[in-house]
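The next block holds one structure in the form of structure tokens; read it before the comments.
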Amino acid sequence: MAEDQVFQQDLDQEMPDFHKLIWMQLLFREAPERPSPQAVQDALAERFGEVDTVSTGGIYSYAVRRFPVEYNNGTVPAQVLMGEPAPFSQDKLDAFQRSQLWDLEDKDSFLAQFHYGMLLSDFMASGLPYKERCQLLTGWLETVLALFPTAIGVWVPSSGKLLERERLLNNPLKGEDRFLWFGVNVRFFNIQDSDDMVMDTLGMYAIGLPDVQLHFHGLDPNAAVNYLYNIASYLYDNDAPVKSGETIDGVDPSGTIRQDIQWTCQYEKALIQPPREVMDICPGPYAAGRRNPGGKKGKKF
């Protein structure tokens, strides 16, 4: 893992630690034609059961009865939205975001072929239990991919993850965990003028869970990638049960997670933008920097 770009940290930007809407964007070489609203409803019903069409204008929207959300004035089903195909600008992904597209061998060439995009999202779904919301988002994305065979990429802004169509459809995760394949990314940064590295997850915050952060040196970054995905999966599966000051299994030099290695966890502000709460793991002999609940500003990476 390597990037030779230098970025100035900016933790003054505002970003909520929870997303009322989670957006996904299908990417195309040429402008696609949307199926009829009824065809989309039928495909959704095959996946989720009873589905009602809410809007068939510029935005298609559907209420999925399987996912009721309780509000003060009653219970309504969560919805999914499909926007109109529109020109896609390469500027939507800046240099900082492009630096973390680890799932692509040649990210610039892959991005350069896209000229159209189509937005998908959930709606009125933020009140769902997070795993149900993730089931809805995953099912919606996979349903739409089947309806649009010319979609060859998916960009998820909340996780900073860009996946090729085949990679997304070959999701190796099962059940509720399938969301993690596109909804969570692991990022990697070298701290300028030091041997320190920071790795973190991005995307857990969008569904109300903490992202995970590791500030370290002397540990193989590839081992750290697998470790962070495993910890994120554990937090997702168990509703983030680890509290500040508690320990979690660490890894040995080979990257093997071991119960006899215990690393202390602390909730604090993220070292790397966007601003959000993370579960920082102090990796024992590999620890770098000072653990600071107030976070740090101005680092270059």
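As shown in the structure tokens, the chain order sets the letters A, B, ...; within each chain, residues go from 1, and ligands are also counted from 1 in the order they appear.
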
Arg165 of chain A environment, 12 Å, only C-alpha atoms, sequence neighbours closer than 2 positions dropped, as JSON, numbers by chain
{"A": [25, 26, 27, 28, 103, 104, 110, 141, 142, 144, 145, 146, 148, 149, 150, 151, 152, 153, 154, 155, 162, 163, 167, 168, 169, 170, 171, 182]}

Could the residues of segment 74-152 of chain A that have an atom at most 6 Å from segment 51-67 of chain A be listed as a Markdown table, each with its closest atom pair and the distance in Å to one decimal, counting only C-alpha atoms and ordered by chain and ascending residue number?
| residue | atom | partner | partner_atom | distance |
| --- | --- | --- | --- | --- |
| A:Pro77 | CA | A:Arg65 | CA | 5.1 |
| A:Ala78 | CA | A:Phe67 | CA | 5.6 |
| A:Gln79 | CA | A:Ala63 | CA | 4.3 |
| A:Val80 | CA | A:Tyr62 | CA | 5.5 |
| A:Leu81 | CA | A:Ser61 | CA | 4.5 |
| A:Met82 | CA | A:Tyr60 | CA | 5.0 |
| A:Gly83 | CA | A:Ile59 | CA | 4.7 |
| A:Glu84 | CA | A:Gly58 | CA | 6.0 |

I need the residues from that last selection saved to file as an mmCIF file, in the first residue's frame (with all heavy atoms), if you can.
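Contents of the output file selection_30.cif:
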data_model
loop_
_atom_site.group_PDB
_atom_site.id
_atom_site.type_symbol
_atom_site.label_atom_id
_atom_site.label_comp_id
_atom_site.auth_asym_id
_atom_site.auth_seq_id
_atom_site.Cartn_x
_atom_site.Cartn_y
_atom_site.Cartn_z
ATOM 1 N N PRO A 77 -43.622 2.599 6.316
ATOM 2 C CA PRO A 77 -42.522 1.780 5.795
ATOM 3 C C PRO A 77 -41.375 2.636 5.280
ATOM 4 O O PRO A 77 -41.587 3.731 4.746
ATOM 5 C CB PRO A 77 -43.183 0.998 4.653
ATOM 6 C CG PRO A 77 -44.370 1.798 4.250
ATOM 7 C CD PRO A 77 -44.825 2.538 5.472
ATOM 8 N N ALA A 78 -40.169 2.141 5.451
ATOM 9 C CA ALA A 78 -38.994 2.805 4.876
ATOM 10 C C ALA A 78 -39.090 2.777 3.360
ATOM 11 O O ALA A 78 -39.724 1.882 2.765
ATOM 12 C CB ALA A 78 -37.727 2.116 5.338
ATOM 13 N N GLN A 79 -38.445 3.755 2.735
ATOM 14 C CA GLN A 79 -38.494 3.853 1.282
ATOM 15 C C GLN A 79 -37.095 3.746 0.676
ATOM 16 O O GLN A 79 -36.090 3.951 1.354
ATOM 17 C CB GLN A 79 -39.124 5.185 0.856
ATOM 18 C CG GLN A 79 -40.563 5.360 1.269
ATOM 19 C CD GLN A 79 -41.131 6.681 0.813
ATOM 20 O OE1 GLN A 79 -40.736 7.230 -0.236
ATOM 21 N NE2 GLN A 79 -42.077 7.229 1.573
ATOM 22 N N VAL A 80 -37.080 3.469 -0.621
ATOM 23 C CA VAL A 80 -35.860 3.550 -1.418
ATOM 24 C C VAL A 80 -36.126 4.473 -2.599
ATOM 25 O O VAL A 80 -37.256 4.552 -3.103
ATOM 26 C CB VAL A 80 -35.390 2.157 -1.898
ATOM 27 C CG1 VAL A 80 -34.895 1.334 -0.727
ATOM 28 C CG2 VAL A 80 -36.494 1.410 -2.647
ATOM 29 N N LEU A 81 -35.076 5.188 -3.018
ATOM 30 C CA LEU A 81 -35.186 6.172 -4.082
ATOM 31 C C LEU A 81 -34.243 5.852 -5.234
ATOM 32 O O LEU A 81 -33.143 5.347 -5.020
ATOM 33 C CB LEU A 81 -34.846 7.575 -3.555
ATOM 34 C CG LEU A 81 -35.567 8.096 -2.315
ATOM 35 C CD1 LEU A 81 -35.085 9.512 -1.994
ATOM 36 C CD2 LEU A 81 -37.067 8.061 -2.484
ATOM 37 N N MET A 82 -34.686 6.174 -6.444
ATOM 38 C CA MET A 82 -33.849 6.073 -7.647
ATOM 39 C C MET A 82 -33.952 7.379 -8.413
ATOM 40 O O MET A 82 -35.049 7.790 -8.820
ATOM 41 C CB MET A 82 -34.315 4.924 -8.543
ATOM 42 C CG MET A 82 -33.571 4.826 -9.878
ATOM 43 S SD MET A 82 -34.320 3.638 -11.034
ATOM 44 C CE MET A 82 -33.958 2.087 -10.216
ATOM 45 N N GLY A 83 -32.814 8.071 -8.594
ATOM 46 C CA GLY A 83 -32.819 9.310 -9.345
ATOM 47 C C GLY A 83 -32.765 9.074 -10.843
ATOM 48 O O GLY A 83 -32.679 7.944 -11.331
ATOM 49 N N GLU A 84 -32.814 10.165 -11.591
ATOM 50 C CA GLU A 84 -32.688 10.086 -13.045
ATOM 51 C C GLU A 84 -31.215 9.985 -13.429
ATOM 52 O O GLU A 84 -30.355 10.580 -12.764
ATOM 53 C CB GLU A 84 -33.288 11.331 -13.692
ATOM 54 C CG GLU A 84 -34.785 11.464 -13.542
ATOM 55 C CD GLU A 84 -35.309 12.681 -14.290
ATOM 56 O OE1 GLU A 84 -35.181 13.789 -13.760
ATOM 57 O OE2 GLU A 84 -35.835 12.504 -15.406
#

Extract the full set of strand (DSSP E or B) residues from segment 22-159 of chain A according to DSSP on the backbone, and format it as a PyMOL selection string.
chain A and resi 23-28+51-56+60-71+74-82+86-87+116-123+153-156

Among segment 74-230 of chain A, which residues does DSSP mark as helix (DSSP H, G or I) when it is run on the backbone? Keep the chain and numbering as in the structure and answer as a ChimeraX atom specification.
/A:90-92,95-98,107-112,130-147,165-169,175-183,204-207,221-230

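Of note, atom CA of Ala206 of chain A and atom CA of Ser158 of chain A are spaced 6.5 Å apart.
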
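With only C-alpha atoms as the atoms that count, the minimum distance from His19 of chain A to the choices A:Pro221, A:Gly175, A:Gly127, A:Pro37 is reached by A:Gly127.
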
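Picture a line from atom CA of Met24 of chain A to atom CA of Asn222 of chain A; it runs 27.1 Å.
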
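With only C-alpha atoms as the atoms that count, the residue of A:Trp23, A:Tyr236, A:Phe48, A:Tyr286 with the shortest distance to Glu176 of chain A is A:Tyr236.
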
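Of the listed residues (A:Val69, A:Ile191, A:Met197, A:Leu202), A:Met197 comes nearest to Asp220 of chain A; the distances count only C-alpha atoms.
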